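Student: Contents of input.cif (mmCIF, C-alpha atoms and all ligand atoms; chains and numbers go by the auth columns):
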```cif
data_structure
loop_
_atom_site.group_PDB
_atom_site.id
_atom_site.type_symbol
_atom_site.label_atom_id
_atom_site.label_comp_id
_atom_site.label_asym_id
_atom_site.label_seq_id
_atom_site.Cartn_x
_atom_site.Cartn_y
_atom_site.Cartn_z
_atom_site.B_iso_or_equiv
_atom_site.auth_seq_id
_atom_site.auth_asym_id
ATOM 1 C CA MET A 1 199.613 155.386 118.840 0.00 852 A
ATOM 2 C CA LYS A 2 200.737 158.820 117.744 0.00 853 A
ATOM 3 C CA LEU A 3 200.392 162.020 119.789 0.00 854 A
ATOM 4 C CA TYR A 4 200.443 165.415 118.091 0.00 855 A
ATOM 5 C CA VAL A 5 201.725 168.266 120.261 0.00 856 A
ATOM 6 C CA MET A 6 202.993 171.835 120.106 0.00 857 A
ATOM 7 C CA PRO A 7 205.955 172.508 122.432 0.00 858 A
ATOM 8 C CA GLY A 8 204.768 173.682 125.856 0.00 859 A
ATOM 9 C CA ALA A 9 201.099 173.800 124.844 0.00 860 A
ATOM 10 C CA CYS A 10 198.314 172.075 126.765 0.00 861 A
ATOM 11 C CA SER A 11 199.255 168.966 124.773 0.00 862 A
ATOM 12 C CA LEU A 12 202.305 168.643 127.040 0.00 863 A
ATOM 13 C CA ALA A 13 199.946 167.174 129.661 0.00 864 A
ATOM 14 C CA SER A 14 198.970 164.283 127.373 0.00 865 A
ATOM 15 C CA HIS A 15 202.638 163.808 126.492 0.00 866 A
ATOM 16 C CA ILE A 16 203.609 163.576 130.175 0.00 867 A
ATOM 17 C CA ALA A 17 200.701 161.207 130.835 0.00 868 A
ATOM 18 C CA LEU A 18 201.845 158.866 128.039 0.00 869 A
ATOM 19 C CA VAL A 19 205.354 158.806 129.496 0.00 870 A
ATOM 20 C CA TRP A 20 203.973 158.088 132.985 0.00 871 A
ATOM 21 C CA ALA A 21 201.748 155.367 131.527 0.00 872 A
ATOM 22 C CA ALA A 22 204.850 153.705 130.057 0.00 873 A
ATOM 23 C CA VAL A 23 203.042 152.791 126.851 0.00 874 A
ATOM 24 C CA PRO A 24 204.771 152.930 123.465 0.00 875 A
ATOM 25 C CA PHE A 25 203.891 156.003 121.404 0.00 876 A
ATOM 26 C CA GLU A 26 205.166 158.128 118.567 0.00 877 A
ATOM 27 C CA LEU A 27 205.428 161.884 119.015 0.00 878 A
ATOM 28 C CA ALA A 28 204.685 164.442 116.288 0.00 879 A
ATOM 29 C CA ILE A 29 205.833 167.952 117.168 0.00 880 A
ATOM 30 C CA LEU A 30 203.979 170.658 115.272 0.00 881 A
ATOM 31 C CA GLY A 31 204.398 174.416 114.994 0.00 882 A
ATOM 32 C CA HIS A 32 201.511 176.937 114.992 0.00 883 A
ATOM 33 C CA ASP A 33 201.376 176.950 111.207 0.00 884 A
ATOM 34 C CA ASP A 34 201.214 173.163 111.027 0.00 885 A
ATOM 35 C CA VAL A 35 198.388 173.010 113.574 0.00 886 A
ATOM 36 C CA GLY A 36 196.287 175.464 111.596 0.00 887 A
ATOM 37 C CA GLY A 37 197.351 173.989 108.243 0.00 888 A
ATOM 38 C CA GLU A 38 195.333 171.945 105.802 0.00 889 A
ATOM 39 C CA ALA A 39 197.302 168.714 106.232 0.00 890 A
ATOM 40 C CA PHE A 40 196.764 168.561 109.994 0.00 891 A
ATOM 41 C CA ARG A 41 193.116 169.611 109.686 0.00 892 A
ATOM 42 C CA ARG A 42 192.561 166.439 107.683 0.00 893 A
ATOM 43 C CA ILE A 43 193.500 164.583 110.896 0.00 894 A
ATOM 44 C CA ASN A 44 191.803 166.949 113.383 0.00 895 A
ATOM 45 C CA PRO A 45 189.429 169.396 111.685 0.00 896 A
ATOM 46 C CA LYS A 46 189.518 171.539 114.862 0.00 897 A
ATOM 47 C CA GLY A 47 193.172 172.322 114.156 0.00 898 A
ATOM 48 C CA ALA A 48 194.180 171.813 117.775 0.00 899 A
ATOM 49 C CA VAL A 49 196.524 169.753 119.905 0.00 900 A
ATOM 50 C CA PRO A 50 196.583 167.401 121.683 0.00 901 A
ATOM 51 C CA THR A 51 195.410 164.919 119.062 0.00 902 A
ATOM 52 C CA LEU A 52 195.923 161.222 119.642 0.00 903 A
ATOM 53 C CA VAL A 53 195.693 158.766 116.768 0.00 904 A
ATOM 54 C CA LEU A 54 195.343 155.146 117.813 0.00 905 A
ATOM 55 C CA ASP A 55 196.930 152.287 115.894 0.00 906 A
ATOM 56 C CA ASP A 56 193.536 151.364 114.417 0.00 907 A
ATOM 57 C CA GLY A 57 193.174 154.915 113.084 0.00 908 A
ATOM 58 C CA LEU A 58 190.709 156.271 115.645 0.00 909 A
ATOM 59 C CA VAL A 59 191.408 159.968 116.211 0.00 910 A
ATOM 60 C CA ILE A 60 190.841 161.211 119.766 0.00 911 A
ATOM 61 C CA THR A 61 190.738 164.967 120.353 0.00 912 A
ATOM 62 C CA GLU A 62 190.160 166.980 123.563 0.00 913 A
ATOM 63 C CA SER A 63 192.604 166.721 126.467 0.00 914 A
ATOM 64 C CA LEU A 64 189.975 165.339 128.810 0.00 915 A
ATOM 65 C CA ALA A 65 189.151 162.427 126.500 0.00 916 A
ATOM 66 C CA ILE A 66 192.815 161.756 125.739 0.00 917 A
ATOM 67 C CA LEU A 67 193.900 161.847 129.378 0.00 918 A
ATOM 68 C CA ASP A 68 190.996 159.602 130.368 0.00 919 A
ATOM 69 C CA TYR A 69 191.945 157.161 127.590 0.00 920 A
ATOM 70 C CA ILE A 70 195.597 157.110 128.665 0.00 921 A
ATOM 71 C CA ALA A 71 194.711 156.530 132.324 0.00 922 A
ATOM 72 C CA ASP A 72 192.340 153.686 131.427 0.00 923 A
ATOM 73 C CA SER A 73 194.803 152.068 129.010 0.00 924 A
ATOM 74 C CA ALA A 74 197.508 151.662 131.624 0.00 925 A
ATOM 75 C CA PRO A 75 195.811 150.672 134.916 0.00 926 A
ATOM 76 C CA ALA A 76 199.112 149.499 136.387 0.00 927 A
ATOM 77 C CA ALA A 77 200.420 153.082 136.235 0.00 928 A
ATOM 78 C CA ARG A 78 197.513 154.225 138.501 0.00 929 A
ATOM 79 C CA LEU A 79 197.002 157.505 136.697 0.00 930 A
ATOM 80 C CA GLY A 80 193.245 157.477 137.112 0.00 931 A
ATOM 81 C CA ALA A 81 190.486 156.084 139.289 0.00 932 A
ATOM 82 C CA ALA A 82 190.524 152.400 140.204 0.00 933 A
ATOM 83 C CA PRO A 83 188.181 150.389 137.942 0.00 934 A
ATOM 84 C CA GLY A 84 184.614 150.573 139.279 0.00 935 A
ATOM 85 C CA ASP A 85 185.358 153.370 141.752 0.00 936 A
ATOM 86 C CA LEU A 86 182.686 155.766 140.549 0.00 937 A
ATOM 87 C CA ARG A 87 183.310 158.327 143.272 0.00 938 A
ATOM 88 C CA ALA A 88 187.020 158.563 142.438 0.00 939 A
ATOM 89 C CA ARG A 89 186.222 158.779 138.715 0.00 940 A
ATOM 90 C CA ALA A 90 183.793 161.630 139.372 0.00 941 A
ATOM 91 C CA GLN A 91 186.416 163.476 141.414 0.00 942 A
ATOM 92 C CA LEU A 92 189.056 163.008 138.752 0.00 943 A
ATOM 93 C CA ASN A 93 186.718 164.103 135.964 0.00 944 A
ATOM 94 C CA GLU A 94 185.647 167.099 138.031 0.00 945 A
ATOM 95 C CA SER A 95 189.261 168.234 138.419 0.00 946 A
ATOM 96 C CA LEU A 96 190.045 167.628 134.740 0.00 947 A
ATOM 97 C CA ALA A 97 186.931 169.389 133.480 0.00 948 A
ATOM 98 C CA GLU A 98 187.757 172.414 135.605 0.00 949 A
ATOM 99 C CA LEU A 99 191.334 172.515 134.304 0.00 950 A
ATOM 100 C CA VAL A 100 190.508 172.082 130.613 0.00 951 A
ATOM 101 C CA SER A 101 187.553 174.444 130.688 0.00 952 A
ATOM 102 C CA ASP A 102 187.738 177.105 133.399 0.00 953 A
ATOM 103 C CA VAL A 103 191.512 177.344 133.781 0.00 954 A
ATOM 104 C CA HIS A 104 192.545 176.809 130.154 0.00 955 A
ATOM 105 C CA LYS A 105 189.810 179.059 128.833 0.00 956 A
ATOM 106 C CA ALA A 106 190.816 181.888 131.184 0.00 957 A
ATOM 107 C CA TRP A 107 193.945 182.113 129.014 0.00 958 A
ATOM 108 C CA ALA A 108 192.086 182.539 125.730 0.00 959 A
ATOM 109 C CA PRO A 109 192.088 186.389 125.687 0.00 960 A
ATOM 110 C CA PHE A 110 195.782 186.321 126.635 0.00 961 A
ATOM 111 C CA PHE A 111 196.785 184.068 123.726 0.00 962 A
ATOM 112 C CA ALA A 112 194.328 185.482 121.184 0.00 963 A
ATOM 113 C CA PRO A 113 193.207 188.963 122.335 0.00 964 A
ATOM 114 C CA GLY A 114 192.050 189.748 118.792 0.00 965 A
ATOM 115 C CA ARG A 115 189.160 187.334 119.229 0.00 966 A
ATOM 116 C CA PHE A 116 187.899 189.272 122.240 0.00 967 A
ATOM 117 C CA ALA A 117 187.892 192.778 120.808 0.00 968 A
ATOM 118 C CA THR A 118 186.182 194.308 117.802 0.00 969 A
ATOM 119 C CA GLN A 119 189.032 196.816 117.279 0.00 970 A
ATOM 120 C CA SER A 120 192.765 196.386 117.732 0.00 971 A
ATOM 121 C CA ALA A 121 192.689 199.172 120.347 0.00 972 A
ATOM 122 C CA GLY A 122 190.624 196.844 122.548 0.00 973 A
ATOM 123 C CA GLU A 123 193.128 194.004 122.511 0.00 974 A
ATOM 124 C CA ALA A 124 195.291 195.321 125.343 0.00 975 A
ATOM 125 C CA ASP A 125 192.179 195.641 127.483 0.00 976 A
ATOM 126 C CA ALA A 126 191.119 192.068 126.637 0.00 977 A
ATOM 127 C CA LYS A 127 194.538 190.884 127.787 0.00 978 A
ATOM 128 C CA LEU A 128 194.235 192.897 130.995 0.00 979 A
ATOM 129 C CA ALA A 129 190.817 191.369 131.641 0.00 980 A
ATOM 130 C CA ALA A 130 192.356 187.923 131.063 0.00 981 A
ATOM 131 C CA TYR A 131 194.857 188.543 133.856 0.00 982 A
ATOM 132 C CA GLY A 132 191.959 189.096 136.263 0.00 983 A
ATOM 133 C CA GLN A 133 190.294 185.830 135.238 0.00 984 A
ATOM 134 C CA ILE A 134 193.594 183.961 135.384 0.00 985 A
ATOM 135 C CA GLU A 135 194.380 185.265 138.888 0.00 986 A
ATOM 136 C CA ARG A 136 190.985 184.100 140.129 0.00 987 A
ATOM 137 C CA GLN A 137 191.533 180.607 138.712 0.00 988 A
ATOM 138 C CA TYR A 138 195.013 180.247 140.197 0.00 989 A
ATOM 139 C CA ALA A 139 193.923 181.591 143.585 0.00 990 A
ATOM 140 C CA ARG A 140 191.305 178.851 143.661 0.00 991 A
ATOM 141 C CA LEU A 141 193.804 176.174 142.597 0.00 992 A
ATOM 142 C CA GLU A 142 196.220 177.436 145.234 0.00 993 A
ATOM 143 C CA ALA A 143 193.559 176.970 147.916 0.00 994 A
ATOM 144 C CA VAL A 144 192.807 173.458 146.632 0.00 995 A
ATOM 145 C CA MET A 145 196.485 172.461 146.820 0.00 996 A
ATOM 146 C CA VAL A 146 197.016 173.501 150.451 0.00 997 A
ATOM 147 C CA GLY A 147 198.355 170.406 152.245 0.00 998 A
ATOM 148 C CA ARG A 148 198.112 168.266 149.093 0.00 999 A
ATOM 149 C CA GLU A 149 200.894 166.624 147.164 0.00 1000 A
ATOM 150 C CA TRP A 150 198.635 165.719 144.229 0.00 1001 A
ATOM 151 C CA ARG A 151 195.645 167.490 142.710 0.00 1002 A
ATOM 152 C CA VAL A 152 193.129 164.698 143.433 0.00 1003 A
ATOM 153 C CA LEU A 153 192.708 161.124 144.719 0.00 1004 A
ATOM 154 C CA GLY A 154 195.783 161.341 146.948 0.00 1005 A
ATOM 155 C CA HIS A 155 198.089 159.942 144.280 0.00 1006 A
ATOM 156 C CA ARG A 156 199.597 160.989 140.961 0.00 1007 A
ATOM 157 C CA THR A 157 197.003 161.156 138.212 0.00 1008 A
ATOM 158 C CA VAL A 158 196.640 162.596 134.730 0.00 1009 A
ATOM 159 C CA ALA A 159 195.193 165.724 136.391 0.00 1010 A
ATOM 160 C CA ASP A 160 198.646 166.455 137.817 0.00 1011 A
ATOM 161 C CA ALA A 161 200.127 166.472 134.332 0.00 1012 A
ATOM 162 C CA TYR A 162 197.590 169.077 133.244 0.00 1013 A
ATOM 163 C CA LEU A 163 197.888 171.164 136.407 0.00 1014 A
ATOM 164 C CA TYR A 164 201.643 171.205 135.900 0.00 1015 A
ATOM 165 C CA VAL A 165 201.276 172.638 132.403 0.00 1016 A
ATOM 166 C CA MET A 166 198.909 175.331 133.668 0.00 1017 A
ATOM 167 C CA CYS A 167 201.445 176.206 136.395 0.00 1018 A
ATOM 168 C CA ARG A 168 204.227 176.515 133.795 0.00 1019 A
ATOM 169 C CA TRP A 169 202.164 179.020 131.851 0.00 1020 A
ATOM 170 C CA LYS A 170 201.717 181.267 134.888 0.00 1021 A
ATOM 171 C CA GLY A 171 205.169 182.755 134.362 0.00 1022 A
ATOM 172 C CA MET A 172 203.780 184.616 131.332 0.00 1023 A
ATOM 173 C CA THR A 173 201.551 186.853 133.494 0.00 1024 A
ATOM 174 C CA PRO A 174 202.527 189.859 135.644 0.00 1025 A
ATOM 175 C CA THR A 175 202.031 187.860 138.877 0.00 1026 A
ATOM 176 C CA PRO A 176 204.581 185.023 139.017 0.00 1027 A
ATOM 177 C CA LEU A 177 203.774 181.501 140.160 0.00 1028 A
ATOM 178 C CA SER A 178 205.777 182.154 143.345 0.00 1029 A
ATOM 179 C CA ALA A 179 202.812 184.264 144.512 0.00 1030 A
ATOM 180 C CA PHE A 180 201.046 180.903 144.894 0.00 1031 A
ATOM 181 C CA PRO A 181 203.387 178.906 147.176 0.00 1032 A
ATOM 182 C CA ASN A 182 201.478 175.620 147.062 0.00 1033 A
ATOM 183 C CA LEU A 183 201.312 175.665 143.271 0.00 1034 A
ATOM 184 C CA ALA A 184 204.992 176.645 143.137 0.00 1035 A
ATOM 185 C CA ALA A 185 205.926 173.733 145.412 0.00 1036 A
ATOM 186 C CA PHE A 186 203.812 171.355 143.313 0.00 1037 A
ATOM 187 C CA THR A 187 205.534 172.595 140.149 0.00 1038 A
ATOM 188 C CA ALA A 188 208.988 172.157 141.667 0.00 1039 A
ATOM 189 C CA ARG A 189 208.105 168.557 142.608 0.00 1040 A
ATOM 190 C CA LEU A 190 206.874 167.802 139.107 0.00 1041 A
ATOM 191 C CA GLU A 191 209.916 169.427 137.561 0.00 1042 A
ATOM 192 C CA ALA A 192 212.027 166.838 139.376 0.00 1043 A
ATOM 193 C CA ASP A 193 209.900 163.983 138.020 0.00 1044 A
ATOM 194 C CA PRO A 194 211.839 161.908 135.435 0.00 1045 A
ATOM 195 C CA GLY A 195 208.754 161.513 133.214 0.00 1046 A
ATOM 196 C CA VAL A 196 208.160 165.258 133.156 0.00 1047 A
ATOM 197 C CA ARG A 197 211.812 165.879 132.396 0.00 1048 A
ATOM 198 C CA ARG A 198 211.726 163.396 129.526 0.00 1049 A
ATOM 199 C CA ALA A 199 208.614 164.980 128.014 0.00 1050 A
ATOM 200 C CA LEU A 200 210.114 168.470 128.316 0.00 1051 A
ATOM 201 C CA ALA A 201 213.336 167.319 126.682 0.00 1052 A
ATOM 202 C CA GLU A 202 211.419 165.686 123.840 0.00 1053 A
ATOM 203 C CA GLU A 203 209.511 168.932 123.192 0.00 1054 A
ATOM 204 C CA ALA A 204 212.551 171.182 123.465 0.00 1055 A
ATOM 205 C CA PRO A 205 213.573 172.714 120.123 0.00 1056 A
ATOM 206 C CA ALA A 206 216.494 170.850 118.586 0.00 1057 A
HETATM 207 N N1 LIG B . 189.400 171.924 124.028 0.00 1 B
HETATM 208 C C1 LIG B . 190.701 171.532 123.556 0.00 1 B
HETATM 209 C C2 LIG B . 191.532 172.777 123.420 0.00 1 B
HETATM 210 C C3 LIG B . 192.830 172.482 122.731 0.00 1 B
HETATM 211 C C4 LIG B . 193.587 173.758 122.438 0.00 1 B
HETATM 212 O O1 LIG B . 193.072 174.876 122.534 0.00 1 B
HETATM 213 N N2 LIG B . 194.858 173.572 122.101 0.00 1 B
HETATM 214 C C5 LIG B . 195.669 174.700 121.719 0.00 1 B
HETATM 215 C C6 LIG B . 197.038 174.579 122.336 0.00 1 B
HETATM 216 S S1 LIG B . 197.007 174.758 124.109 0.00 1 B
HETATM 217 C C7 LIG B . 195.839 174.706 120.215 0.00 1 B
HETATM 218 O O2 LIG B . 196.012 173.665 119.605 0.00 1 B
HETATM 219 N N3 LIG B . 195.790 175.880 119.609 0.00 1 B
HETATM 220 C C8 LIG B . 195.964 176.016 118.192 0.00 1 B
HETATM 221 C C9 LIG B . 197.030 177.006 117.845 0.00 1 B
HETATM 222 O O3 LIG B . 197.590 177.610 118.763 0.00 1 B
HETATM 223 O O4 LIG B . 197.343 177.144 116.674 0.00 1 B
HETATM 224 C C10 LIG B . 191.355 170.534 124.530 0.00 1 B
HETATM 225 O O5 LIG B . 191.040 170.599 125.733 0.00 1 B
HETATM 226 O O6 LIG B . 192.143 169.692 124.098 0.00 1 B
#
```
What would you get if you wrote out this structure as structure tokens?
Ligand SMILES: N[C@@H](CCC(=O)N[C@@H](CS)C(=O)NCC(=O)O)C(=O)O
Tutor:
Amino acid sequence: MKLYVMPGACSLASHIALVWAAVPFELAILGHDDVGGEAFRRINPKGAVPTLVLDDGLVITESLAILDYIADSAPAARLGAAPGDLRARAQLNESLAELVSDVHKAWAPFFAPGRFATQSAGEADAKLAAYGQIERQYARLEAVMVGREWRVLGHRTVADAYLYVMCRWKGMTPTPLSAFPNLAAFTARLEADPGVRRALAEEAPA
């Protein structure tokens, strides 16, 4: 299978998950222009990463679907719920849905303020409003992580890969991640993880 990513983007979570899953994959590293370009839109018309293309040609988009697929394809790696454990699956999906929707989307006015203002003068305000939304999301995640090593299920899952990426992004806002000690400790643990280190190295510019 082939995973399309942009360095440091939300696609890093799928990249980490594939490394943890220990399944063979090819990595395609794209820049912003490639992601929005015509050639890539023929693969994923949404022009977004992550995009996973299976060996039989099936294209899977959306982090939640990709992470779920990776977890299910490598049961031995225990990155998801145990087969048939509906309660655990619901908990995992709940945490993933919250990360890919509420948390990721809180960043939208930060990354693309122009989409949230009708005049360029409003863009700075859109960004400021984003900080408020972002703080609320991270305060909630911080509370969830009190006394927990992993985001959900009591063991490492694909949700940890995504939470890690969201924690990395926090450094781009006025309030640093260190203001959230449980998230900072989680991030430090993941930064020491060999799979995370490999994925980061693979995405680092040559
Ligand atoms: N709903 C999608 C969102 C994917 C998304 O927004 N990806 C961003 C990177 S984090 C992207 O590809 N943006 C296009 C660009 O920046 O050109 C998912 O969860 O996978």
Student: How would you write, as JSON, numbers by chain, the set of residues no farther than 7 Å from ligand LIG 1 (chain B) when counting all atoms listed in the file?
Tutor: {"A": [857, 860, 861, 862, 883, 884, 886, 887, 898, 899, 900, 901, 912, 913, 914, 915, 951]}
Student: Next, the residues of the selection above should be written as a compact mmCIF listing (two decimals), in the coordinates of the input with C-alpha atoms.
Tutor:
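Final output, saved to again_26.txt:
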```txt
# COMPACT_ATOMS: atom_id res chain seq x y z
CA MET A 857 202.99 171.84 120.11
CA ALA A 860 201.10 173.80 124.84
CA CYS A 861 198.31 172.08 126.76
CA SER A 862 199.26 168.97 124.77
CA HIS A 883 201.51 176.94 114.99
CA ASP A 884 201.38 176.95 111.21
CA VAL A 886 198.39 173.01 113.57
CA GLY A 887 196.29 175.46 111.60
CA GLY A 898 193.17 172.32 114.16
CA ALA A 899 194.18 171.81 117.78
CA VAL A 900 196.52 169.75 119.90
CA PRO A 901 196.58 167.40 121.68
CA THR A 912 190.74 164.97 120.35
CA GLU A 913 190.16 166.98 123.56
CA SER A 914 192.60 166.72 126.47
CA LEU A 915 189.98 165.34 128.81
CA VAL A 951 190.51 172.08 130.61
```
Student: Identify all residues satisfying the PyMOL selection byres (((chain A and resi 993) around 8) and not hetatm) in the given file; provide them as a ChimeraX atom specification.
Tutor: /A:989-992,994-997,1031-1034
Student: Distance cut-off 12 Å, centre (198.0, 159.7, 138.6) in file coordinates, counting all atoms listed in the file: which residues qualify? Return them as a PyMOL selection string.
Tutor: chain A and resi 864+867-872+918-919+921-923+925-933+939-940+943+947+1000-1014
Student: Measuring atom to atom with all atoms listed in the file, identify which of A:Ala1036, A:Ala941, A:Ile917, A:Val954 is nearest to Leu905 of chain A.
Tutor: A:Ile917
Student: Taking all atoms listed in the file into account, name the residue in A:Gly888, A:Pro858, A:Gly973, A:Lys853 that is nearest to Pro875 of chain A.
Tutor: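 Counting all atoms listed in the file, the residue closest to Pro875 of chain A is A:Lys853.
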Student: With a distance cut-off of 8 Å and only C-alpha atoms, select the neighbouring residues of segment 1051-1053 of chain A, excluding the residue or stretch itself and same-chain residues fewer than 3 positions from it, and output the selection as a list in words.
Tutor: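 Using only C-alpha atoms, the neighbours found are Gly859, Leu863, Val1047 and Arg1048 of chain A.
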